[in-house]
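The data block below is model_20.cif; it holds mmCIF, C-alpha atoms.
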data_coords
#
loop_
_atom_site.label_atom_id
_atom_site.label_comp_id
_atom_site.auth_asym_id
_atom_site.auth_seq_id
_atom_site.Cartn_x
_atom_site.Cartn_y
_atom_site.Cartn_z
CA MET A 1 18.00 -0.94 -24.75
CA SER A 2 15.82 -2.37 -21.96
CA ALA A 3 12.06 -2.09 -22.15
CA PRO A 4 10.55 0.44 -19.71
CA LEU A 5 9.06 -0.87 -16.49
CA ALA A 6 5.39 0.05 -16.13
CA HIS A 7 5.15 1.65 -12.67
CA PRO A 8 3.03 4.85 -12.32
CA LEU A 9 3.40 4.91 -8.52
CA LEU A 10 7.19 4.97 -8.71
CA GLN A 11 6.97 7.68 -11.39
CA ALA A 12 4.79 9.78 -9.10
CA PHE A 13 7.23 9.30 -6.22
CA ARG A 14 10.17 10.38 -8.37
CA ALA A 15 8.25 13.42 -9.61
CA SER A 16 7.16 14.31 -6.04
CA LYS A 17 3.50 14.28 -7.08
CA PRO A 18 0.69 12.94 -4.87
CA ALA A 19 -0.27 9.44 -5.96
CA PHE A 20 -3.94 8.52 -5.52
CA GLY A 21 -4.97 4.90 -5.22
CA ALA A 22 -7.71 2.45 -4.32
CA TRP A 23 -7.95 -0.57 -2.02
CA LEU A 24 -8.98 -3.92 -3.47
CA THR A 25 -10.72 -6.20 -0.98
CA LEU A 26 -12.71 -8.41 -3.36
CA PRO A 27 -11.44 -11.53 -5.11
CA GLY A 28 -11.85 -11.90 -8.85
CA THR A 29 -9.94 -10.60 -11.86
CA LEU A 30 -12.86 -8.80 -13.49
CA SER A 31 -13.67 -6.63 -10.49
CA ALA A 32 -9.97 -5.82 -10.09
CA ARG A 33 -9.64 -4.82 -13.76
CA ALA A 34 -12.79 -2.73 -13.57
CA ALA A 35 -11.49 -0.86 -10.52
CA ALA A 36 -8.03 -0.37 -12.03
CA ALA A 37 -9.54 1.01 -15.24
CA ALA A 38 -11.95 3.34 -13.45
CA SER A 39 -9.93 6.57 -13.70
CA PRO A 40 -6.80 8.00 -15.34
CA HIS A 41 -6.08 9.62 -11.95
CA LEU A 42 -5.42 6.23 -10.36
CA SER A 43 -1.67 5.68 -9.84
CA TRP A 44 -1.88 2.48 -7.81
CA VAL A 45 -4.13 -0.17 -6.34
CA ALA A 46 -3.45 -2.18 -3.18
CA ILE A 47 -4.49 -5.82 -3.19
CA ASP A 48 -5.40 -6.50 0.42
CA CYS A 49 -4.44 -10.00 1.51
CA GLU A 50 -4.48 -9.05 5.19
CA HIS A 51 -8.08 -7.97 5.82
CA GLY A 52 -9.50 -8.34 2.32
CA MET A 53 -10.86 -11.52 0.78
CA VAL A 54 -8.02 -12.05 -1.70
CA ALA A 55 -5.83 -15.10 -1.14
CA LEU A 56 -2.11 -14.42 -1.30
CA ASN A 57 -1.41 -17.32 -3.65
CA PRO A 58 -2.64 -17.57 -6.36
CA GLY A 59 -5.22 -14.84 -5.79
CA ALA A 60 -2.91 -11.83 -5.58
CA GLY A 61 -0.94 -12.98 -8.62
CA GLU A 62 -4.08 -13.38 -10.69
CA LEU A 63 -5.17 -9.85 -9.82
CA VAL A 64 -1.70 -8.38 -10.49
CA HIS A 65 -1.58 -9.92 -13.97
CA ALA A 66 -5.19 -8.99 -14.73
CA ILE A 67 -4.42 -5.35 -13.91
CA ALA A 68 -1.15 -5.40 -15.85
CA GLY A 69 -3.11 -6.64 -18.85
CA LEU A 70 -4.70 -3.19 -19.12
CA GLY A 71 -1.40 -1.94 -20.56
CA PRO A 72 1.62 0.17 -19.59
CA ALA A 73 -0.58 2.93 -18.15
CA ALA A 74 -2.29 0.54 -15.72
CA PRO A 75 -1.97 1.55 -12.07
CA SER A 76 0.85 -0.04 -10.09
CA ALA A 77 -0.47 -3.09 -8.25
CA ILE A 78 0.98 -3.51 -4.76
CA VAL A 79 0.12 -6.22 -2.25
CA ARG A 80 -0.54 -5.96 1.47
CA VAL A 81 0.64 -9.24 2.94
CA PRO A 82 -1.11 -10.89 5.91
CA ALA A 83 2.04 -11.26 8.04
CA THR A 84 2.71 -8.41 10.47
CA GLY A 85 6.08 -6.94 11.35
CA ALA A 86 6.37 -9.24 14.36
CA CYS A 87 6.47 -12.22 11.98
CA ALA A 88 9.72 -10.83 10.55
CA ASP A 89 11.45 -11.36 13.91
CA ALA A 90 11.89 -15.05 13.07
CA PRO A 91 15.06 -16.16 11.21
CA GLY A 92 14.99 -15.38 7.52
CA GLY A 93 12.14 -12.94 7.94
CA GLY A 94 9.76 -15.65 9.13
CA SER A 95 6.35 -15.81 7.49
CA ALA A 96 6.71 -12.19 6.40
CA GLY A 97 9.68 -13.26 4.27
CA TRP A 98 7.95 -15.97 2.26
CA GLN A 99 4.78 -13.92 1.90
CA ILE A 100 6.79 -11.02 0.46
CA LYS A 101 8.41 -13.51 -1.94
CA TYR A 102 5.01 -14.74 -3.11
CA ALA A 103 3.74 -11.18 -3.68
CA LEU A 104 6.80 -9.98 -5.58
CA ASP A 105 7.13 -13.18 -7.60
CA ALA A 106 3.52 -12.58 -8.66
CA GLY A 107 4.67 -9.29 -10.22
CA ALA A 108 3.57 -6.83 -7.54
CA ARG A 109 5.22 -3.43 -7.79
CA GLY A 110 5.70 -3.40 -4.05
CA VAL A 111 4.56 -4.69 -0.71
CA VAL A 112 2.79 -3.17 2.27
CA VAL A 113 3.64 -4.89 5.56
CA PRO A 114 1.31 -4.19 8.51
CA MET A 115 2.22 -3.32 12.09
CA VAL A 116 5.97 -2.84 11.78
CA ASN A 117 7.34 -1.99 15.22
CA THR A 118 11.15 -2.04 15.18
CA ARG A 119 14.22 -1.31 13.12
CA ALA A 120 15.11 -5.02 13.08
CA GLN A 121 11.72 -5.90 11.60
CA ALA A 122 12.11 -3.21 8.95
CA ALA A 123 15.57 -4.50 8.01
CA ALA A 124 14.32 -8.09 7.69
CA ILE A 125 11.42 -6.96 5.50
CA VAL A 126 13.71 -4.97 3.20
CA ALA A 127 16.07 -7.93 2.89
CA ALA A 128 13.19 -10.19 1.88
CA ALA A 129 12.21 -7.77 -0.89
CA ARG A 130 15.67 -7.27 -2.45
CA PHE A 131 17.85 -9.58 -4.50
CA PRO A 132 21.47 -10.07 -3.34
CA PRO A 133 23.67 -8.29 -2.51
CA GLN A 134 21.11 -5.83 -1.06
CA GLY A 135 18.92 -8.62 0.31
CA VAL A 136 18.14 -12.31 0.37
CA ARG A 137 15.27 -12.61 -2.12
CA GLY A 138 15.50 -15.68 -4.33
CA PHE A 139 15.04 -15.61 -8.11
CA GLY A 140 13.23 -18.18 -10.20
CA ASN A 141 9.56 -17.42 -10.89
CA PRO A 142 8.91 -17.73 -14.66
CA PHE A 143 5.97 -15.32 -14.67
CA THR A 144 7.13 -12.25 -12.72
CA GLN A 145 8.47 -10.17 -15.60
CA LEU A 146 5.28 -10.74 -17.64
CA ALA A 147 3.42 -8.38 -15.30
CA TRP A 148 5.93 -5.55 -15.69
CA GLY A 149 5.14 -4.43 -19.22
CA PRO A 150 5.65 -5.42 -22.85
CA GLY A 151 9.13 -6.60 -23.72
CA VAL A 152 10.42 -6.84 -20.15
CA SER A 153 12.62 -9.93 -19.94
CA ALA A 154 13.62 -11.95 -16.91
CA SER A 155 17.10 -10.45 -17.06
CA ASP A 156 15.63 -6.92 -17.30
CA TYR A 157 13.58 -7.55 -14.20
CA LEU A 158 16.44 -9.07 -12.24
CA ALA A 159 18.70 -6.13 -13.07
CA ARG A 160 16.20 -3.44 -12.10
CA ALA A 161 13.87 -4.91 -9.48
CA ASN A 162 15.87 -3.72 -6.48
CA ASP A 163 15.40 -0.11 -7.59
CA ALA A 164 11.80 -0.51 -8.76
CA VAL A 165 10.08 -2.63 -6.10
CA LEU A 166 8.68 -0.51 -3.28
CA VAL A 167 8.78 -1.44 0.40
CA LEU A 168 6.13 0.31 2.47
CA LEU A 169 5.80 -0.31 6.20
CA GLN A 170 2.61 0.34 8.13
CA ILE A 171 2.90 2.47 11.24
CA GLU A 172 -0.15 1.70 13.35
CA THR A 173 1.05 0.72 16.85
CA ARG A 174 2.52 2.46 19.87
CA ASP A 175 5.90 0.80 19.29
CA GLY A 176 5.85 1.76 15.62
CA VAL A 177 5.35 5.42 16.48
CA GLN A 178 7.97 5.32 19.25
CA ASN A 179 10.56 3.66 16.99
CA LEU A 180 9.67 5.57 13.83
CA GLU A 181 13.00 7.34 13.34
CA GLU A 182 14.91 4.07 13.68
CA ILE A 183 12.54 2.33 11.26
CA LEU A 184 12.96 5.12 8.72
CA SER A 185 16.75 4.92 9.03
CA VAL A 186 16.79 1.49 7.36
CA ASP A 187 18.20 1.73 3.84
CA GLY A 188 15.71 0.32 1.37
CA VAL A 189 12.57 1.43 3.18
CA ASP A 190 10.76 3.57 0.62
CA GLY A 191 8.15 4.91 2.97
CA VAL A 192 5.58 4.31 5.65
CA PHE A 193 1.85 3.80 5.34
CA ILE A 194 -0.31 5.14 8.15
CA GLY A 195 -3.13 2.82 9.19
CA PRO A 196 -5.46 5.27 10.98
CA TYR A 197 -7.85 2.60 12.24
CA ASP A 198 -5.34 0.48 14.16
CA LEU A 199 -3.30 3.55 15.06
CA SER A 200 -6.39 4.93 16.79
CA LEU A 201 -7.24 1.69 18.58
CA ALA A 202 -3.63 1.18 19.72
CA HIS A 203 -3.69 4.57 21.43
CA GLY A 204 -7.04 4.06 23.13
CA PHE A 205 -9.21 6.08 20.74
CA PRO A 206 -12.14 5.03 18.56
CA PRO A 207 -11.39 4.42 14.88
CA PRO A 208 -11.98 7.28 12.41
CA SER A 209 -15.64 7.84 11.59
CA PRO A 210 -14.85 9.35 9.17
CA ASP A 211 -12.07 11.53 10.63
CA PRO A 212 -9.63 10.53 13.37
CA HIS A 213 -9.71 11.78 16.95
CA PRO A 214 -7.75 15.07 17.37
CA GLU A 215 -5.06 13.31 19.41
CA VAL A 216 -4.63 10.70 16.69
CA GLU A 217 -4.47 13.48 14.11
CA LYS A 218 -1.49 14.87 16.01
CA LEU A 219 0.24 11.49 15.68
CA ILE A 220 -0.57 11.39 11.96
CA GLN A 221 1.00 14.79 11.41
CA GLN A 222 4.01 13.75 13.48
CA ILE A 223 4.53 10.65 11.34
CA LEU A 224 4.24 12.72 8.15
CA ALA A 225 6.79 15.29 9.34
CA THR A 226 9.25 12.67 10.58
CA SER A 227 9.02 10.70 7.33
CA HIS A 228 9.77 13.73 5.20
CA ALA A 229 12.60 14.78 7.51
CA LYS A 230 14.15 11.36 6.78
CA ASN A 231 13.51 11.76 3.02
CA LYS A 232 10.98 8.94 3.00
CA LYS A 233 7.50 8.87 1.48
CA CYS A 234 4.40 8.91 3.66
CA ALA A 235 1.10 7.29 2.71
CA ILE A 236 -2.30 7.26 4.38
CA TYR A 237 -5.61 5.45 4.07
CA CYS A 238 -8.68 7.58 3.34
CA ILE A 239 -12.25 6.59 2.50
CA SER A 240 -13.39 9.45 0.25
CA GLY A 241 -12.18 11.86 -2.38
CA LYS A 242 -12.82 14.77 -0.02
CA GLN A 243 -10.57 13.25 2.64
CA ALA A 244 -7.94 12.37 0.05
CA ALA A 245 -7.83 15.92 -1.36
CA LYS A 246 -7.25 17.27 2.15
CA ARG A 247 -4.38 14.84 2.76
CA ALA A 248 -2.79 15.71 -0.58
CA LYS A 249 -2.79 19.39 0.38
CA GLU A 250 -1.10 18.46 3.67
CA GLY A 251 1.76 16.90 1.73
CA PHE A 252 1.07 13.18 1.83
CA ASP A 253 2.80 11.39 -1.03
CA MET A 254 0.45 8.44 -1.46
CA ILE A 255 -3.24 8.57 -0.59
CA ASN A 256 -5.88 5.88 -0.72
CA VAL A 257 -9.17 7.36 -1.93
CA THR A 258 -11.65 4.51 -1.58
CA SER A 259 -12.03 0.74 -1.70
CA ASP A 260 -13.73 -1.46 -4.27
CA SER A 261 -16.31 -2.71 -1.79
CA GLY A 262 -16.80 0.75 -0.30
CA ALA A 263 -17.30 2.41 -3.68
CA MET A 264 -19.73 -0.30 -4.75
CA THR A 265 -21.91 -0.04 -1.65
CA ASP A 266 -21.77 3.77 -1.63
CA GLY A 267 -22.75 3.93 -5.30
CA LEU A 268 -25.61 1.46 -4.97
CA SER A 269 -26.92 3.19 -1.85
CA ARG A 270 -26.76 6.63 -3.44
CA HIS A 271 -28.44 5.65 -6.71
CA LEU A 272 -31.20 3.70 -4.95
CA ALA A 273 -31.81 6.65 -2.64
CA ASP A 274 -32.15 8.89 -5.69
CA ALA A 275 -34.52 6.39 -7.29
CA VAL A 276 -36.96 6.50 -4.38
CA GLY A 277 -36.54 10.20 -3.70
CA GLU A 278 -34.61 9.95 -0.45
CA GLU A 279 -31.86 12.25 0.72
CA GLY A 280 -28.43 10.61 0.59
CA SER A 281 -26.96 9.79 3.98
CA ALA A 282 -23.37 10.19 5.17
CA LYS A 283 -21.06 7.22 4.66
CA ALA A 284 -21.39 4.72 7.48
CA PHE A 285 -18.39 3.55 9.48
CA GLY A 286 -16.27 1.07 7.55
CA TYR A 287 -13.61 0.55 4.94
#
Write-out of the structure in structure tokens:
Amino acid sequence: MSAPLAHPLLQAFRASKPAFGAWLTLPGTLSARAAAAASPHLSWVAIDCEHGMVALNPGAGELVHAIAGLGPAAPSAIVRVPATGACADAPGGGSAGWQIKYALDAGARGVVVPMVNTRAQAAAIVAAARFPPQGVRGFGNPFTQLAWGPGVSASDYLARANDAVLVLLQIETRDGVQNLEEILSVDGVDGVFIGPYDLSLAHGFPPPSPDPHPEVEKLIQQILATSHAKNKKCAIYCISGKQAAKRAKEGFDMINVTSDSGAMTDGLSRHLADAVGEEGSAKAFGY
């Protein structure tokens, strides 16, 4: 009997329960482990190699394995790669393809690819994340299965990775919104991740501070409804527990609650304000 794959995010998806997570922008295994161990309510963490300060290789792999070392109940570590959807237009998935390979070989439970605009880009991204015959991903990293839980062998991982690895595409451009139904029609796309900051900017509105412009909110609700109509999951980035609770009630499947850097600065600011007798101020614009 094969050892179970440790993957709380996938379990939440299959149980149709909202999955709360946190964004990791800081390099370093100790800060990543501390964030991942912060709460039993944490289903996943996203290692941000696009805008965060974590290098894709070996940085993301070091963080994935550090988090996995917390045990089978550790949150699922996914990686946001730097390459955007447009990079997948090149043959073989272009730079998106090899970056997805690096992330998944490191043991990531899934990938987030920013700014996906077309069905063709989505198909190339899925292919890069799946072993043949569903895709073109190569096999050969000696460390991947070590991040997936005690007793998971290389053959276990190879046999089950195509069903366990998650492919999440960010919808944050005009073209992405316009082509959403075609993007969601690609077999192997597990869901879309709304990037409210770039979605706002792409449509001529200021970024959320902390909530999006009403016209952007309409787009967000449209993306959510279209995703569920296509039986796909829909995720969104939030910056507070209050925001995240609201999005969970709206039906979002995967909700970011905060970031490591954001939680650190918020906590320090709040405690120092208490120490000197000042009233706490609202969170400033930022991640």
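Here the PyMOL selection byres ((chain A and resi 254) around 10) captures the residues Leu9, Ala12, Phe13, Lys17, Pro18, Ala19, Phe20, Gly21, Ser43, Trp44, Gly191, Val192, Phe193, Lys233, Cys234, Ala235, Ile236, Tyr237, Ala244, Arg247, Ala248, Gly251, Phe252, Asp253, Ile255, Asn256 and Val257 of chain A.
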Given only C-alpha atoms, how would the per-residue table for stretch 17-120 of chain A near stretch 180-186 of chain A read, listing every residue at most 10 Å away with its closest atom pair and distance in Å to one decimal, sorted by chain and number, as JSON lines?
{"residue": "A:Val116", "atom": "CA", "partner": "A:Ile183", "partner_atom": "CA", "distance": 8.4}
{"residue": "A:Asn117", "atom": "CA", "partner": "A:Ile183", "partner_atom": "CA", "distance": 7.8}
{"residue": "A:Thr118", "atom": "CA", "partner": "A:Ile183", "partner_atom": "CA", "distance": 6.0}
{"residue": "A:Arg119", "atom": "CA", "partner": "A:Ile183", "partner_atom": "CA", "distance": 4.4}
{"residue": "A:Ala120", "atom": "CA", "partner": "A:Ile183", "partner_atom": "CA", "distance": 8.0}
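Coordinates place atom CA of A:Pro210 at a distance of 20.4 Å from atom CA of A:Asp48.
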Point-to-point distance from atom CA of A:Pro207 to atom CA of A:Glu172, Å rounded to tenths
11.7 Å
Find the distance between atom CA of A:Val112 and atom CA of A:Arg80 and write it in Å to one decimal.
4.4 Å
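The closest residue to A:Lys230, picked from A:Asp187, A:Met264, A:Ala60, A:Asp175 and counting all atoms listed in the file, is A:Asp187.
Nearest residue to A:Asp260 among A:Ile78, A:Ala83, A:Ala15, A:Ala46 is A:Ala46, counting all atoms listed in the file.
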Using the chain letters and numbers from the file, which residues does the PyMOL selection byres ((chain A and resi 24) around 7) grab, as a ChimeraX atom specification?
/A:22-23,25-26,32,45-48,259-260
Check which residues satisfy the PyMOL selection byres ((chain A and resi 190) around 7) in the file shown, then give them as a list in words.
Leu166, Val167, Leu168, Gly188, Val189, Gly191, Lys232 and Lys233 of chain A
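Checking A:Gln11, A:Ser227, A:Gln243, A:Ser155 one by one against A:Pro212, counting only C-alpha atoms, you find the shortest gap at A:Gln243.
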A:Asp105 environment, 9 Å, only C-alpha atoms, sequence neighbours closer than 2 positions dropped, as a PyMOL selection string
chain A and resi 61+100-103+107-108+139-145
Please, which residues in stretch 128-229 of chain A fall within 12 Å of stretch 88-96 of chain A when counting only C-alpha atoms, and what is the closest atom pair and distance in Å to one decimal for each, ordered by chain then residue number, as a Markdown table?
| residue | atom | partner | partner_atom | distance |
| --- | --- | --- | --- | --- |
| A:Ala128 | CA | A:Gly93 | CA | 6.7 |
| A:Ala129 | CA | A:Ala96 | CA | 10.1 |
| A:Gly135 | CA | A:Gly92 | CA | 10.6 |
| A:Val136 | CA | A:Gly92 | CA | 8.4 |
| A:Arg137 | CA | A:Gly92 | CA | 10.0 |
| A:Gly138 | CA | A:Gly92 | CA | 11.9 |
| A:Leu169 | CA | A:Ala96 | CA | 11.9 |
Save the residues we just selected, C-alpha atoms, as a PDB file, keeping the file's coordinate frame?
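Okay, this is what ended up in again22.pdb:
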ATOM      1  CA  ALA A 128      13.190 -10.190   1.880  1.00  0.00           C
ATOM      2  CA  ALA A 129      12.210  -7.770  -0.890  1.00  0.00           C
ATOM      3  CA  GLY A 135      18.920  -8.620   0.310  1.00  0.00           C
ATOM      4  CA  VAL A 136      18.140 -12.310   0.370  1.00  0.00           C
ATOM      5  CA  ARG A 137      15.270 -12.610  -2.120  1.00  0.00           C
ATOM      6  CA  GLY A 138      15.500 -15.680  -4.330  1.00  0.00           C
ATOM      7  CA  LEU A 169       5.800  -0.310   6.200  1.00  0.00           C
TER       8      LEU A 169
END
Centre and edge lengths, as JSON, for the axis-aligned box enclosing every listed atom of stretch 21-38 of chain A with 8 Å of padding on each of the six sides, in Å to one decimal?
{"center_x": -9.3, "center_y": -3.5, "center_z": -8.1, "size_x": 24.7, "size_y": 32.8, "size_z": 30.3}
If you count all atoms listed in the file, the residue of A:Val177, A:Ser209, A:Asp163, A:Ala202 closest to A:Gln221 turns out to be A:Val177
9 Å contact set for A:Gln134, only C-alpha atoms, chain neighbours under 5 positions out, as an NGL selection string:
:A and (126-127 or 162 or 188)
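Counting all atoms listed in the file and comparing A:Gly241, A:Pro58, A:Gly204, A:Gly176, the residue that lies closest to A:Ile223 is A:Gly176.
Of the listed residues (A:Ala159, A:Ile125, A:Ile67, A:Met115), A:Ile125 comes nearest to A:Gly97; the distances count all atoms listed in the file.
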Which neighbours of A:His65 fall inside 8 Å, counting only C-alpha atoms, when residues of the same chain fewer than 3 positions from it are skipped, and could you give them as a PyMOL selection string?
chain A and resi 61-62+68-69+106-107+146-147
All heavy atoms of stretch 68-78 of chain A from block above, as a compact mmCIF listing (two decimals), in the first residue's frame:
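Okay, this is what ended up in selection.txt:
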# COMPACT_ATOMS: atom_id res chain seq x y z
N ALA A 68 7.99 21.03 4.71
CA ALA A 68 7.61 19.62 4.76
C ALA A 68 8.16 18.94 6.00
O ALA A 68 7.56 17.99 6.53
CB ALA A 68 8.12 18.90 3.51
N GLY A 69 9.30 19.42 6.50
CA GLY A 69 9.91 18.85 7.70
C GLY A 69 9.07 19.02 8.95
O GLY A 69 9.34 18.38 9.97
N LEU A 70 8.04 19.85 8.89
CA LEU A 70 7.13 20.01 10.03
C LEU A 70 6.24 18.79 10.22
O LEU A 70 5.60 18.63 11.26
CB LEU A 70 6.27 21.26 9.86
CG LEU A 70 7.00 22.59 9.90
CD1 LEU A 70 6.08 23.73 9.48
CD2 LEU A 70 7.56 22.86 11.30
N GLY A 71 6.14 17.93 9.19
CA GLY A 71 5.35 16.72 9.31
C GLY A 71 4.18 16.67 8.34
O GLY A 71 3.95 17.62 7.58
N PRO A 72 3.44 15.56 8.35
CA PRO A 72 2.35 15.36 7.38
C PRO A 72 1.25 16.42 7.43
O PRO A 72 0.54 16.62 6.46
CB PRO A 72 1.79 13.98 7.75
CG PRO A 72 2.89 13.29 8.47
CD PRO A 72 3.65 14.37 9.20
N ALA A 73 1.10 17.07 8.59
CA ALA A 73 0.06 18.10 8.71
C ALA A 73 0.54 19.48 8.27
O ALA A 73 -0.21 20.45 8.33
CB ALA A 73 -0.43 18.17 10.15
N ALA A 74 1.78 19.59 7.81
CA ALA A 74 2.30 20.87 7.36
C ALA A 74 1.47 21.40 6.19
O ALA A 74 0.98 20.62 5.37
CB ALA A 74 3.76 20.73 6.93
N PRO A 75 1.31 22.71 6.09
CA PRO A 75 0.54 23.25 4.96
C PRO A 75 1.20 22.92 3.63
O PRO A 75 2.42 22.79 3.54
CB PRO A 75 0.53 24.76 5.22
CG PRO A 75 1.66 25.00 6.17
CD PRO A 75 1.80 23.77 6.99
N SER A 76 0.39 22.79 2.61
CA SER A 76 0.90 22.52 1.26
C SER A 76 1.70 23.73 0.78
O SER A 76 1.20 24.85 0.77
CB SER A 76 -0.26 22.27 0.29
OG SER A 76 -1.04 21.16 0.70
N ALA A 77 2.93 23.48 0.36
CA ALA A 77 3.77 24.56 -0.16
C ALA A 77 3.65 24.60 -1.68
O ALA A 77 3.96 23.63 -2.37
CB ALA A 77 5.22 24.35 0.25
N ILE A 78 3.16 25.73 -2.20
CA ILE A 78 3.09 25.93 -3.64
C ILE A 78 4.04 27.06 -4.00
O ILE A 78 4.47 27.83 -3.13
CB ILE A 78 1.65 26.24 -4.10
CG1 ILE A 78 1.13 27.54 -3.47
CG2 ILE A 78 0.72 25.07 -3.76
CD1 ILE A 78 -0.25 27.97 -3.96
